[in-house]
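Q: My file is target_30.txt. It has compact mmCIF, C-alpha atoms:
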```txt
# COMPACT_ATOMS: atom_id res chain seq x y z
CA ILE A 3 99.39 106.99 137.56
CA CYS A 4 97.85 105.20 134.56
CA SER A 5 99.98 105.31 131.42
CA ASP A 6 99.64 104.14 127.84
CA LYS A 7 102.49 101.90 126.64
CA THR A 8 103.30 102.50 122.98
CA GLY A 9 105.12 105.78 122.45
CA THR A 10 104.87 106.71 126.13
CA LEU A 11 106.70 103.96 127.98
CA THR A 12 108.27 102.72 124.74
CA GLN A 13 110.01 104.53 121.87
CA ASN A 14 107.32 103.78 119.24
CA GLU A 15 110.04 102.88 116.72
CA MET A 16 109.01 99.46 115.53
CA THR A 17 111.40 96.97 113.92
CA VAL A 18 110.34 93.51 112.70
CA THR A 19 112.84 91.04 114.16
CA GLN A 20 111.16 87.62 113.73
CA LEU A 21 108.93 85.82 111.21
CA ALA A 22 107.18 82.50 111.81
CA TYR A 23 105.20 80.43 109.30
CA PHE A 24 104.52 76.74 108.62
CA SER A 25 107.32 75.22 110.73
CA ARG A 26 109.85 77.87 109.69
CA ASN A 27 111.33 80.63 111.85
CA ILE A 28 113.34 83.56 110.52
CA ASP A 29 115.34 86.29 112.26
CA VAL A 30 115.52 89.74 110.68
CA GLU A 31 118.68 91.84 110.98
CA GLY A 32 118.77 95.63 111.33
CA ARG A 33 117.13 98.30 113.45
CA GLY A 34 114.99 101.34 112.74
CA TYR A 35 113.43 102.25 109.40
CA ARG A 36 116.41 101.90 107.05
CA PRO A 37 115.78 98.81 104.87
CA GLU A 38 119.18 97.29 105.60
CA GLY A 39 119.77 93.79 106.96
CA HIS A 40 119.28 90.15 106.00
CA LEU A 41 116.62 87.58 106.74
CA LEU A 42 118.32 84.62 108.45
CA ASP A 43 116.96 81.11 108.89
CA GLN A 44 116.99 80.43 112.66
CA ALA A 45 118.01 76.80 112.18
CA THR A 46 121.01 77.36 109.89
CA ARG A 47 121.85 81.05 110.57
CA ARG A 48 122.18 81.41 106.80
CA GLN A 49 120.33 83.86 104.62
CA ALA A 50 116.77 82.61 104.26
CA GLU A 51 115.80 81.35 100.84
CA HIS A 52 112.61 82.75 99.38
CA ASP A 53 109.59 80.49 99.08
CA ASP A 54 105.95 81.11 98.18
CA VAL A 55 104.79 81.33 101.80
CA LEU A 56 107.49 83.82 102.80
CA ASP A 57 106.77 85.99 99.78
CA ARG A 58 103.03 85.93 100.48
CA LEU A 59 103.60 86.81 104.15
CA LEU A 60 105.80 89.79 103.30
CA THR A 61 103.53 90.87 100.43
CA ILE A 62 100.51 91.02 102.74
CA GLY A 63 102.51 93.19 105.14
CA VAL A 64 103.44 95.60 102.35
CA LEU A 65 100.02 95.83 100.63
CA CYS A 66 97.65 95.67 103.61
CA ASN A 67 99.23 98.91 104.72
CA ASP A 68 98.57 102.67 104.69
CA ALA A 69 102.06 103.88 105.69
CA ALA A 70 104.95 105.02 103.46
CA LEU A 71 108.72 105.28 103.75
CA ILE A 72 110.32 108.58 102.73
CA ASP A 73 113.95 109.45 102.01
CA ARG A 74 115.38 112.28 104.08
CA SER A 75 118.64 114.17 103.81
CA GLY A 76 121.69 112.50 105.27
CA ASN A 77 120.76 109.04 103.99
CA GLU A 78 118.01 108.73 106.62
CA THR A 79 114.64 107.05 106.12
CA GLY A 80 111.53 108.62 107.59
CA ILE A 81 107.96 107.38 107.75
CA LEU A 82 104.51 108.67 106.97
CA GLY A 83 101.81 106.93 108.98
CA ASP A 84 101.80 104.30 111.68
CA PRO A 85 105.19 102.99 112.94
CA THR A 86 103.89 99.41 113.04
CA GLU A 87 102.88 99.55 109.38
CA ALA A 88 106.17 101.25 108.48
CA ALA A 89 108.05 98.33 110.06
CA LEU A 90 106.19 95.96 107.71
CA LEU A 91 107.33 98.01 104.71
CA VAL A 92 110.92 97.87 105.93
CA VAL A 93 111.05 94.09 106.34
CA GLY A 94 109.49 93.71 102.90
CA ALA A 95 112.13 95.98 101.40
CA LYS A 96 114.89 93.97 103.11
CA ALA A 97 113.63 90.98 101.11
CA GLY A 98 113.39 92.97 97.86
CA LEU A 99 109.61 93.47 97.99
CA TYR A 100 109.09 97.21 97.60
CA GLN A 101 105.82 99.01 98.13
CA GLN A 102 105.41 100.99 94.92
CA PRO A 103 105.99 98.14 92.42
CA LEU A 104 103.67 95.88 94.41
CA LYS A 105 100.95 98.57 94.55
CA GLU A 106 101.18 99.02 90.79
CA ARG A 107 101.03 95.28 90.13
CA TYR A 108 98.27 94.44 92.62
CA THR A 109 95.69 97.23 92.51
CA ARG A 110 93.79 97.86 95.74
CA ILE A 111 90.06 98.11 95.00
CA ALA A 112 88.55 98.05 98.52
CA ASP A 113 89.48 97.95 102.18
CA LEU A 114 88.13 97.39 105.67
CA PRO A 115 90.07 99.70 108.02
CA PHE A 116 91.29 98.47 111.39
CA ASP A 117 88.99 99.02 114.33
CA SER A 118 89.24 98.10 118.01
CA GLU A 119 86.34 95.64 117.87
CA ARG A 120 87.47 93.50 114.90
CA LYS A 121 91.19 94.03 115.61
CA MET A 122 91.90 93.40 111.93
CA MET A 123 92.54 95.35 108.72
CA THR A 124 91.76 93.98 105.26
CA THR A 125 92.47 95.17 101.73
CA VAL A 126 91.20 93.66 98.46
CA HIS A 127 93.40 93.49 95.35
CA ARG A 128 93.32 92.59 91.68
CA GLY A 129 96.25 91.01 89.86
CA PHE A 130 97.03 87.91 91.90
CA SER A 131 95.18 85.81 89.32
CA GLU A 132 93.59 86.47 85.95
CA THR A 133 90.01 85.91 87.07
CA GLY A 134 89.74 86.53 90.80
CA LEU A 135 90.46 88.88 93.67
CA LEU A 136 92.55 88.33 96.78
CA SER A 137 91.81 89.87 100.17
CA LEU A 138 94.75 90.42 102.50
CA THR A 139 94.28 90.66 106.28
CA LYS A 140 96.49 91.53 109.22
CA GLY A 141 95.59 91.79 112.89
CA ALA A 142 95.73 90.34 116.39
CA PRO A 143 96.97 86.73 116.20
CA ASP A 144 94.20 85.13 118.27
CA ILE A 145 91.50 86.99 116.32
CA VAL A 146 92.95 86.31 112.87
CA LEU A 147 93.56 82.63 113.66
CA LYS A 148 89.97 82.24 114.89
CA HIS A 149 88.75 83.33 111.45
CA CYS A 150 91.00 80.94 109.48
CA CYS A 151 90.10 77.45 108.26
CA SER A 152 93.20 76.76 106.13
CA ILE A 153 96.95 77.29 106.34
CA MET A 154 99.39 78.26 103.57
CA THR A 155 102.05 75.59 103.04
CA ALA A 156 104.80 74.91 100.51
CA ASP A 157 102.23 72.76 98.67
CA GLY A 158 99.52 75.40 98.75
CA PRO A 159 96.61 75.88 101.17
CA GLN A 160 95.77 72.90 103.41
CA PRO A 161 93.08 72.41 106.08
CA LEU A 162 94.16 73.98 109.38
CA THR A 163 94.38 71.36 112.14
CA GLU A 164 93.97 71.88 115.88
CA SER A 165 97.61 70.82 116.31
CA GLN A 166 98.71 73.56 113.92
CA ARG A 167 96.57 76.11 115.76
CA GLY A 168 98.39 75.16 118.93
CA GLU A 169 101.79 75.49 117.27
CA ILE A 170 100.87 78.95 115.94
CA MET A 171 99.79 80.19 119.37
CA GLU A 172 102.95 78.71 120.90
CA SER A 173 105.03 80.71 118.39
CA ASN A 174 102.95 83.75 119.30
CA HIS A 175 103.62 83.19 123.01
CA ARG A 176 107.35 82.68 122.44
CA MET A 177 107.59 86.02 120.63
CA ALA A 178 105.43 87.83 123.17
CA VAL A 179 107.49 86.82 126.20
CA ALA A 180 110.52 88.23 124.35
CA ALA A 181 108.71 91.63 124.45
CA LEU A 182 107.77 91.46 120.77
CA ARG A 183 104.53 92.88 119.43
CA ILE A 184 102.96 90.30 117.10
CA LEU A 185 100.72 90.56 114.07
CA ALA A 186 99.16 87.66 112.17
CA PHE A 187 98.61 87.63 108.40
CA ALA A 188 96.02 85.82 106.30
CA CYS A 189 94.40 85.93 102.86
CA LYS A 190 91.33 84.72 100.98
CA VAL A 191 90.64 84.07 97.29
CA HIS A 192 87.44 85.49 95.77
CA ALA A 193 86.00 84.56 92.38
CA GLU A 194 84.13 87.89 92.19
CA ASN A 195 83.10 90.71 94.53
CA PRO A 196 84.31 89.66 97.99
CA LEU A 197 81.74 88.69 100.60
CA ASP A 198 82.89 88.21 104.20
CA PRO A 199 86.60 88.60 103.37
CA GLU A 200 87.51 88.10 107.04
CA GLN A 201 85.80 84.70 107.35
CA ASP A 202 87.24 81.28 106.40
CA MET A 203 90.66 82.73 105.58
CA ILE A 204 93.99 81.07 104.81
CA PHE A 205 96.48 81.62 107.65
CA VAL A 206 99.90 82.66 106.32
CA GLY A 207 102.16 83.56 109.26
CA LEU A 208 103.27 85.82 112.11
CA MET A 209 105.62 88.77 112.40
CA GLY A 210 107.11 89.91 115.69
CA MET A 211 108.47 93.42 116.16
CA ILE A 212 110.35 95.16 118.94
CA ASP A 213 109.43 98.54 120.38
CA PRO A 214 112.21 99.28 122.90
CA ALA A 215 111.39 100.78 126.29
CA ARG A 216 112.33 104.44 126.85
CA PRO A 217 115.30 104.69 129.25
CA GLU A 218 113.79 107.86 130.76
CA ALA A 219 110.54 105.95 131.44
CA ARG A 220 112.44 103.45 133.57
CA ASP A 221 113.89 106.32 135.64
CA ALA A 222 110.48 108.00 136.00
CA ILE A 223 108.90 104.74 137.20
CA ALA A 224 111.62 104.32 139.83
CA LEU A 225 111.03 107.91 140.95
CA CYS A 226 107.28 107.28 141.27
CA ALA A 227 107.87 104.14 143.30
CA GLY A 228 110.16 106.03 145.67
CA ALA A 229 107.45 108.65 146.18
CA GLY A 230 104.79 106.05 146.97
CA ILE A 231 103.04 106.39 143.59
CA ARG A 232 102.01 103.20 141.77
CA PRO A 233 102.37 103.41 137.98
CA VAL A 234 99.98 101.19 135.96
CA MET A 235 100.30 100.35 132.27
CA ILE A 236 97.11 100.30 130.17
CA THR A 237 97.58 98.95 126.66
CA GLY A 238 95.73 97.31 123.79
CA ASP A 239 98.76 95.13 123.11
CA TYR A 240 98.99 91.38 123.68
CA ARG A 241 99.15 90.37 127.35
CA ASP A 242 102.54 88.62 127.31
CA THR A 243 104.13 91.50 125.38
CA ALA A 244 102.83 94.01 127.93
CA VAL A 245 104.15 91.89 130.81
CA ALA A 246 107.62 91.65 129.23
CA ILE A 247 107.80 95.45 128.77
CA ALA A 248 106.47 96.07 132.29
CA GLN A 249 109.10 93.76 133.76
CA ASP A 250 111.84 95.46 131.74
CA LEU A 251 110.72 98.86 133.07
CA GLY A 252 110.51 97.67 136.68
CA MET A 253 106.73 98.13 136.81
CA MET A 254 106.03 94.51 137.71
CA LYS A 255 107.40 92.69 140.72
CA PRO A 256 107.10 88.97 141.54
CA GLY A 257 103.50 88.24 142.50
CA ASP A 258 102.04 91.21 140.57
CA GLU A 259 99.09 90.36 138.36
CA VAL A 260 97.65 91.44 135.02
CA MET A 261 94.00 92.27 134.36
CA THR A 262 92.76 91.77 130.79
CA GLY A 263 89.73 93.39 129.22
CA ALA A 264 87.95 90.04 129.16
```
Since I need it in another form, could you write the structure as structure tokens?
A:
Amino acid sequence: ICSDKTGTLTQNEMTVTQLAYFSRNIDVEGRGYRPEGHLLDQATRRQAEHDDVLDRLLTIGVLCNDAALIDRSGNETGILGDPTEAALLVVGAKAGLYQQPLKERYTRIADLPFDSERKMMTTVHRGFSETGLLSLTKGAPDIVLKHCCSIMTADGPQPLTESQRGEIMESNHRMAVAALRILAFACKVHAENPLDPEQDMIFVGLMGMIDPARPEARDAIALCAGAGIRPVMITGDYRDTAVAIAQDLGMMKPGDEVMTGA
């Protein structure tokens, strides 16, 4: 039996739990779509102080986004749109960056929707400076990083070194083996109409989110195995994330292998 992962083997209720950017790692409290919980510095376990890079990372997540949070009866929060994008709105709200005020301040004038070939989504906005435009991009970490030539630091954009590329992919791997789904975020300044907004970007950071396995999926997989049926997961997610979920569900045993599209 071949099965999709997200929403079939997992609950498809995304929650951002980790942020990583320029030598800083942050844990995010809370579960589900209610914007409740603190951002905690991993090193000190204290509430993370805002800085320009953190604000830019969260702002990209909120603005490069087509989902919306909606209030329901009983103090519940629902979503319109993709659960992954909704999770980005929630972590932004936890830090005080709400969607509607940001949309009003930074007007979206163009976008490049996500597709399976580029594995990125980009929106273009006015308002970040008096004269120019800023494009905001999110997508698969390896793809986004490949299209970046600079990195956002506390002192502004700096040339992206090979050592920093390695550190970013190590952070990506660390999140993935913890069964987190990871997105990378980048931006680019344009003096006028943007050309090639997804080339020569400034890398900003990573966000890792959890999509818990369905308990009933674990039982169904065990039932299949007992009947001599081999369940196989097919997913567009990052390899290490898929492996972690498969191991949690009992789909992978020692010695089992993974085949990637490449």
Q: Using only C-alpha atoms, list the residues that have an atom at most 9 Å from (92.9, 95.0, 128.4), coordinates as in the file, as a PyMOL selection string.
A: chain A and resi 236-241+260-264
Q: Using Å and a single decimal, report how far atom CA of A:Gly98 sits from atom CA of A:Glu38.
A: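 Interatomic distance here is 10.6 Å.
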Q: Between A:His192, A:Arg183, A:Arg110, A:Lys255, which is the closest to A:Met16 once you count all atoms listed in the file?
A: A:Arg183
Q: Excluding stretch 206-220 of chain A and any residue of its chain fewer than 2 positions from it, enumerate the residues within 6 Å of it, using all atoms listed in the file, and give them as an MDAnalysis selection string.
A: chainID A and resid 11:23 59 154 182:188 222:223 251
Q: Include C-alpha atoms and write out the residues we just selected as a PDB file, in the coordinates of the input.
A:
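Written output follows (again_7.pdb):
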```
ATOM      1  CA  LEU A  11     106.700 103.960 127.980  1.00  0.00           C
ATOM      2  CA  THR A  12     108.270 102.720 124.740  1.00  0.00           C
ATOM      3  CA  GLN A  13     110.010 104.530 121.870  1.00  0.00           C
ATOM      4  CA  ASN A  14     107.320 103.780 119.240  1.00  0.00           C
ATOM      5  CA  GLU A  15     110.040 102.880 116.720  1.00  0.00           C
ATOM      6  CA  MET A  16     109.010  99.460 115.530  1.00  0.00           C
ATOM      7  CA  THR A  17     111.400  96.970 113.920  1.00  0.00           C
ATOM      8  CA  VAL A  18     110.340  93.510 112.700  1.00  0.00           C
ATOM      9  CA  THR A  19     112.840  91.040 114.160  1.00  0.00           C
ATOM     10  CA  GLN A  20     111.160  87.620 113.730  1.00  0.00           C
ATOM     11  CA  LEU A  21     108.930  85.820 111.210  1.00  0.00           C
ATOM     12  CA  ALA A  22     107.180  82.500 111.810  1.00  0.00           C
ATOM     13  CA  TYR A  23     105.200  80.430 109.300  1.00  0.00           C
ATOM     14  CA  LEU A  59     103.600  86.810 104.150  1.00  0.00           C
ATOM     15  CA  MET A 154      99.390  78.260 103.570  1.00  0.00           C
ATOM     16  CA  LEU A 182     107.770  91.460 120.770  1.00  0.00           C
ATOM     17  CA  ARG A 183     104.530  92.880 119.430  1.00  0.00           C
ATOM     18  CA  ILE A 184     102.960  90.300 117.100  1.00  0.00           C
ATOM     19  CA  LEU A 185     100.720  90.560 114.070  1.00  0.00           C
ATOM     20  CA  ALA A 186      99.160  87.660 112.170  1.00  0.00           C
ATOM     21  CA  PHE A 187      98.610  87.630 108.400  1.00  0.00           C
ATOM     22  CA  ALA A 188      96.020  85.820 106.300  1.00  0.00           C
ATOM     23  CA  ALA A 222     110.480 108.000 136.000  1.00  0.00           C
ATOM     24  CA  ILE A 223     108.900 104.740 137.200  1.00  0.00           C
ATOM     25  CA  LEU A 251     110.720  98.860 133.070  1.00  0.00           C
TER      26      LEU A 251
END
```
Q: Kindly provide, as an mmCIF file with C-alpha atoms, in the coordinates of the input, the polymer residues lying within 10 Å of (90.2, 76.4, 117.3), counting all atoms listed in the file and using the coordinates exactly as they appear in the file.
A:
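Wrote it out as result.cif, contents follow:
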```cif
data_model
loop_
_atom_site.group_PDB
_atom_site.id
_atom_site.type_symbol
_atom_site.label_atom_id
_atom_site.label_comp_id
_atom_site.auth_asym_id
_atom_site.auth_seq_id
_atom_site.Cartn_x
_atom_site.Cartn_y
_atom_site.Cartn_z
ATOM 1 C CA ASP A 144 94.200 85.130 118.270
ATOM 2 C CA LEU A 147 93.560 82.630 113.660
ATOM 3 C CA LYS A 148 89.970 82.240 114.890
ATOM 4 C CA HIS A 149 88.750 83.330 111.450
ATOM 5 C CA CYS A 150 91.000 80.940 109.480
ATOM 6 C CA CYS A 151 90.100 77.450 108.260
ATOM 7 C CA LEU A 162 94.160 73.980 109.380
ATOM 8 C CA THR A 163 94.380 71.360 112.140
ATOM 9 C CA GLU A 164 93.970 71.880 115.880
ATOM 10 C CA SER A 165 97.610 70.820 116.310
ATOM 11 C CA GLN A 166 98.710 73.560 113.920
ATOM 12 C CA ARG A 167 96.570 76.110 115.760
ATOM 13 C CA GLY A 168 98.390 75.160 118.930
#
```
Q: So, with only C-alpha atoms as the atoms that count, which of A:Cys226, A:Ala97, A:Ile28, A:Leu135 lies closest to A:Pro196?
A: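 Ranked by minimum distance to A:Pro196, first place goes to A:Leu135.
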Q: Using all atoms listed in the file, which protein or nucleic acid residues come within 7 Å of A:Glu31? Drop anything in the same chain fewer than 3 positions from it, and give the result as a list in words.
A: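 The filter keeps Thr19, Gly39, His40 and Leu41 of chain A.
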Q: Report, in Å with one decimal, the straight-line distance from atom CA of A:Phe24 to atom CA of A:Phe205.
A: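 The value is 9.5 Å.
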Q: Set the distance at 9 Å and use all atoms listed in the file: which residues neighbour A:Leu71 once local chain neighbours fewer than 4 positions away are removed? I'd like the list as a PDB file with C-alpha atoms, keeping the file's coordinate frame.
A:
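Done, and the output landed in part34.pdb:
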```
ATOM      1  CA  TYR A  35     113.430 102.250 109.400  1.00  0.00           C
ATOM      2  CA  THR A  79     114.640 107.050 106.120  1.00  0.00           C
ATOM      3  CA  GLY A  80     111.530 108.620 107.590  1.00  0.00           C
ATOM      4  CA  ILE A  81     107.960 107.380 107.750  1.00  0.00           C
ATOM      5  CA  LEU A  82     104.510 108.670 106.970  1.00  0.00           C
ATOM      6  CA  GLY A  83     101.810 106.930 108.980  1.00  0.00           C
ATOM      7  CA  ALA A  88     106.170 101.250 108.480  1.00  0.00           C
ATOM      8  CA  LEU A  91     107.330  98.010 104.710  1.00  0.00           C
ATOM      9  CA  VAL A  92     110.920  97.870 105.930  1.00  0.00           C
ATOM     10  CA  GLN A 101     105.820  99.010  98.130  1.00  0.00           C
TER      11      GLN A 101
END
```
Q: Could you pull the residues within 7 Å of stretch 137-142 of chain A, counting only C-alpha atoms, minus those fewer than 2 positions along the same chain, as a list in words?
A: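 Using only C-alpha atoms, the neighbours found are Ile62, Cys66, Lys121, Met122, Met123, Thr124, Thr125, Val126, His127, Leu135, Asp144, Ile145, Val146, Leu185, Ala186, Phe187, Ala188, Cys189, Lys190, Val191 and Pro199 of chain A.
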Q: Could you give me stretch 92-127 of chain A completed to N, CA and C atoms, formatted as a PDB file, in the coordinates of the input?
A:
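What ended up in rebuild17.pdb:
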```
ATOM      1  N   VAL A  92     109.464  98.020 105.844  1.00  0.00           N
ATOM      2  CA  VAL A  92     110.920  97.870 105.930  1.00  0.00           C
ATOM      3  C   VAL A  92     111.335  96.416 105.763  1.00  0.00           C
ATOM      4  N   VAL A  93     110.651  95.491 106.457  1.00  0.00           N
ATOM      5  CA  VAL A  93     111.050  94.090 106.340  1.00  0.00           C
ATOM      6  C   VAL A  93     110.764  93.566 104.932  1.00  0.00           C
ATOM      7  N   GLY A  94     109.724  94.072 104.286  1.00  0.00           N
ATOM      8  CA  GLY A  94     109.490  93.710 102.900  1.00  0.00           C
ATOM      9  C   GLY A  94     110.609  94.175 101.998  1.00  0.00           C
ATOM     10  N   ALA A  95     111.045  95.427 102.209  1.00  0.00           N
ATOM     11  CA  ALA A  95     112.130  95.980 101.400  1.00  0.00           C
ATOM     12  C   ALA A  95     113.437  95.214 101.619  1.00  0.00           C
ATOM     13  N   LYS A  96     113.674  94.758 102.844  1.00  0.00           N
ATOM     14  CA  LYS A  96     114.890  93.970 103.110  1.00  0.00           C
ATOM     15  C   LYS A  96     114.910  92.687 102.291  1.00  0.00           C
ATOM     16  N   ALA A  97     113.727  92.202 101.932  1.00  0.00           N
ATOM     17  CA  ALA A  97     113.630  90.980 101.110  1.00  0.00           C
ATOM     18  C   ALA A  97     113.417  91.305  99.641  1.00  0.00           C
ATOM     19  N   GLY A  98     113.526  92.584  99.264  1.00  0.00           N
ATOM     20  CA  GLY A  98     113.390  92.970  97.860  1.00  0.00           C
ATOM     21  C   GLY A  98     111.964  93.186  97.403  1.00  0.00           C
ATOM     22  N   LEU A  99     111.012  93.239  98.334  1.00  0.00           N
ATOM     23  CA  LEU A  99     109.610  93.470  97.990  1.00  0.00           C
ATOM     24  C   LEU A  99     109.254  94.904  98.352  1.00  0.00           C
ATOM     25  N   TYR A 100     109.270  95.777  97.369  1.00  0.00           N
ATOM     26  CA  TYR A 100     109.090  97.210  97.600  1.00  0.00           C
ATOM     27  C   TYR A 100     107.643  97.622  97.376  1.00  0.00           C
ATOM     28  N   GLN A 101     107.227  98.631  98.106  1.00  0.00           N
ATOM     29  CA  GLN A 101     105.820  99.010  98.130  1.00  0.00           C
ATOM     30  C   GLN A 101     105.290  99.471  96.779  1.00  0.00           C
ATOM     31  N   GLN A 102     105.988 100.397  96.128  1.00  0.00           N
ATOM     32  CA  GLN A 102     105.410 100.990  94.920  1.00  0.00           C
ATOM     33  C   GLN A 102     105.227  99.979  93.791  1.00  0.00           C
ATOM     34  N   PRO A 103     106.230  99.146  93.472  1.00  0.00           N
ATOM     35  CA  PRO A 103     105.990  98.140  92.420  1.00  0.00           C
ATOM     36  C   PRO A 103     104.860  97.180  92.757  1.00  0.00           C
ATOM     37  N   LEU A 104     104.747  96.795  94.028  1.00  0.00           N
ATOM     38  CA  LEU A 104     103.670  95.880  94.410  1.00  0.00           C
ATOM     39  C   LEU A 104     102.309  96.562  94.283  1.00  0.00           C
ATOM     40  N   LYS A 105     102.224  97.843  94.676  1.00  0.00           N
ATOM     41  CA  LYS A 105     100.950  98.570  94.550  1.00  0.00           C
ATOM     42  C   LYS A 105     100.533  98.709  93.094  1.00  0.00           C
ATOM     43  N   GLU A 106     101.503  98.890  92.210  1.00  0.00           N
ATOM     44  CA  GLU A 106     101.180  99.020  90.790  1.00  0.00           C
ATOM     45  C   GLU A 106     100.760  97.679  90.190  1.00  0.00           C
ATOM     46  N   ARG A 107     101.345  96.601  90.671  1.00  0.00           N
ATOM     47  CA  ARG A 107     101.030  95.280  90.130  1.00  0.00           C
ATOM     48  C   ARG A 107      99.709  94.741  90.667  1.00  0.00           C
ATOM     49  N   TYR A 108      99.458  94.974  91.960  1.00  0.00           N
ATOM     50  CA  TYR A 108      98.270  94.440  92.620  1.00  0.00           C
ATOM     51  C   TYR A 108      97.395  95.607  93.093  1.00  0.00           C
ATOM     52  N   THR A 109      96.488  96.037  92.245  1.00  0.00           N
ATOM     53  CA  THR A 109      95.690  97.230  92.510  1.00  0.00           C
ATOM     54  C   THR A 109      94.730  97.006  93.668  1.00  0.00           C
ATOM     55  N   ARG A 110      94.752  97.923  94.631  1.00  0.00           N
ATOM     56  CA  ARG A 110      93.790  97.860  95.740  1.00  0.00           C
ATOM     57  C   ARG A 110      92.455  98.426  95.260  1.00  0.00           C
ATOM     58  N   ILE A 111      91.371  97.647  95.449  1.00  0.00           N
ATOM     59  CA  ILE A 111      90.060  98.110  95.000  1.00  0.00           C
ATOM     60  C   ILE A 111      89.085  98.333  96.161  1.00  0.00           C
ATOM     61  N   ALA A 112      89.438  97.865  97.359  1.00  0.00           N
ATOM     62  CA  ALA A 112      88.550  98.050  98.520  1.00  0.00           C
ATOM     63  C   ALA A 112      89.355  97.792  99.783  1.00  0.00           C
ATOM     64  N   ASP A 113      88.828  98.249 100.911  1.00  0.00           N
ATOM     65  CA  ASP A 113      89.480  97.950 102.180  1.00  0.00           C
ATOM     66  C   ASP A 113      88.485  98.004 103.330  1.00  0.00           C
ATOM     67  N   LEU A 114      88.826  97.319 104.388  1.00  0.00           N
ATOM     68  CA  LEU A 114      88.130  97.390 105.670  1.00  0.00           C
ATOM     69  C   LEU A 114      89.147  97.886 106.680  1.00  0.00           C
ATOM     70  N   PRO A 115      89.068  99.156 107.102  1.00  0.00           N
ATOM     71  CA  PRO A 115      90.070  99.700 108.020  1.00  0.00           C
ATOM     72  C   PRO A 115      90.064  98.975 109.362  1.00  0.00           C
ATOM     73  N   PHE A 116      91.173  99.053 110.043  1.00  0.00           N
ATOM     74  CA  PHE A 116      91.290  98.470 111.390  1.00  0.00           C
ATOM     75  C   PHE A 116      90.330  99.167 112.331  1.00  0.00           C
ATOM     76  N   ASP A 117      89.698  98.399 113.215  1.00  0.00           N
ATOM     77  CA  ASP A 117      88.990  99.020 114.330  1.00  0.00           C
ATOM     78  C   ASP A 117      89.195  98.159 115.581  1.00  0.00           C
ATOM     79  N   SER A 118      88.913  98.746 116.740  1.00  0.00           N
ATOM     80  CA  SER A 118      89.240  98.100 118.010  1.00  0.00           C
ATOM     81  C   SER A 118      88.333  96.918 118.324  1.00  0.00           C
ATOM     82  N   GLU A 119      87.211  96.789 117.633  1.00  0.00           N
ATOM     83  CA  GLU A 119      86.340  95.640 117.870  1.00  0.00           C
ATOM     84  C   GLU A 119      86.787  94.431 117.052  1.00  0.00           C
ATOM     85  N   ARG A 120      87.022  94.616 115.755  1.00  0.00           N
ATOM     86  CA  ARG A 120      87.470  93.500 114.900  1.00  0.00           C
ATOM     87  C   ARG A 120      88.933  93.170 115.135  1.00  0.00           C
ATOM     88  N   LYS A 121      89.744  94.177 115.428  1.00  0.00           N
ATOM     89  CA  LYS A 121      91.190  94.030 115.610  1.00  0.00           C
ATOM     90  C   LYS A 121      91.862  93.455 114.363  1.00  0.00           C
ATOM     91  N   MET A 122      91.342  93.832 113.197  1.00  0.00           N
ATOM     92  CA  MET A 122      91.900  93.400 111.930  1.00  0.00           C
ATOM     93  C   MET A 122      91.789  94.535 110.916  1.00  0.00           C
ATOM     94  N   MET A 123      92.644  94.472 109.886  1.00  0.00           N
ATOM     95  CA  MET A 123      92.540  95.350 108.720  1.00  0.00           C
ATOM     96  C   MET A 123      92.613  94.467 107.484  1.00  0.00           C
ATOM     97  N   THR A 124      91.791  94.782 106.485  1.00  0.00           N
ATOM     98  CA  THR A 124      91.760  93.980 105.260  1.00  0.00           C
ATOM     99  C   THR A 124      91.751  94.880 104.033  1.00  0.00           C
ATOM    100  N   THR A 125      92.515  94.505 103.026  1.00  0.00           N
ATOM    101  CA  THR A 125      92.470  95.170 101.730  1.00  0.00           C
ATOM    102  C   THR A 125      92.182  94.129 100.651  1.00  0.00           C
ATOM    103  N   VAL A 126      91.564  94.562  99.555  1.00  0.00           N
ATOM    104  CA  VAL A 126      91.200  93.660  98.460  1.00  0.00           C
ATOM    105  C   VAL A 126      91.926  94.111  97.197  1.00  0.00           C
ATOM    106  N   HIS A 127      92.522  93.155  96.476  1.00  0.00           N
ATOM    107  CA  HIS A 127      93.400  93.490  95.350  1.00  0.00           C
ATOM    108  C   HIS A 127      93.094  92.658  94.110  1.00  0.00           C
TER     109      HIS A 127
END
```
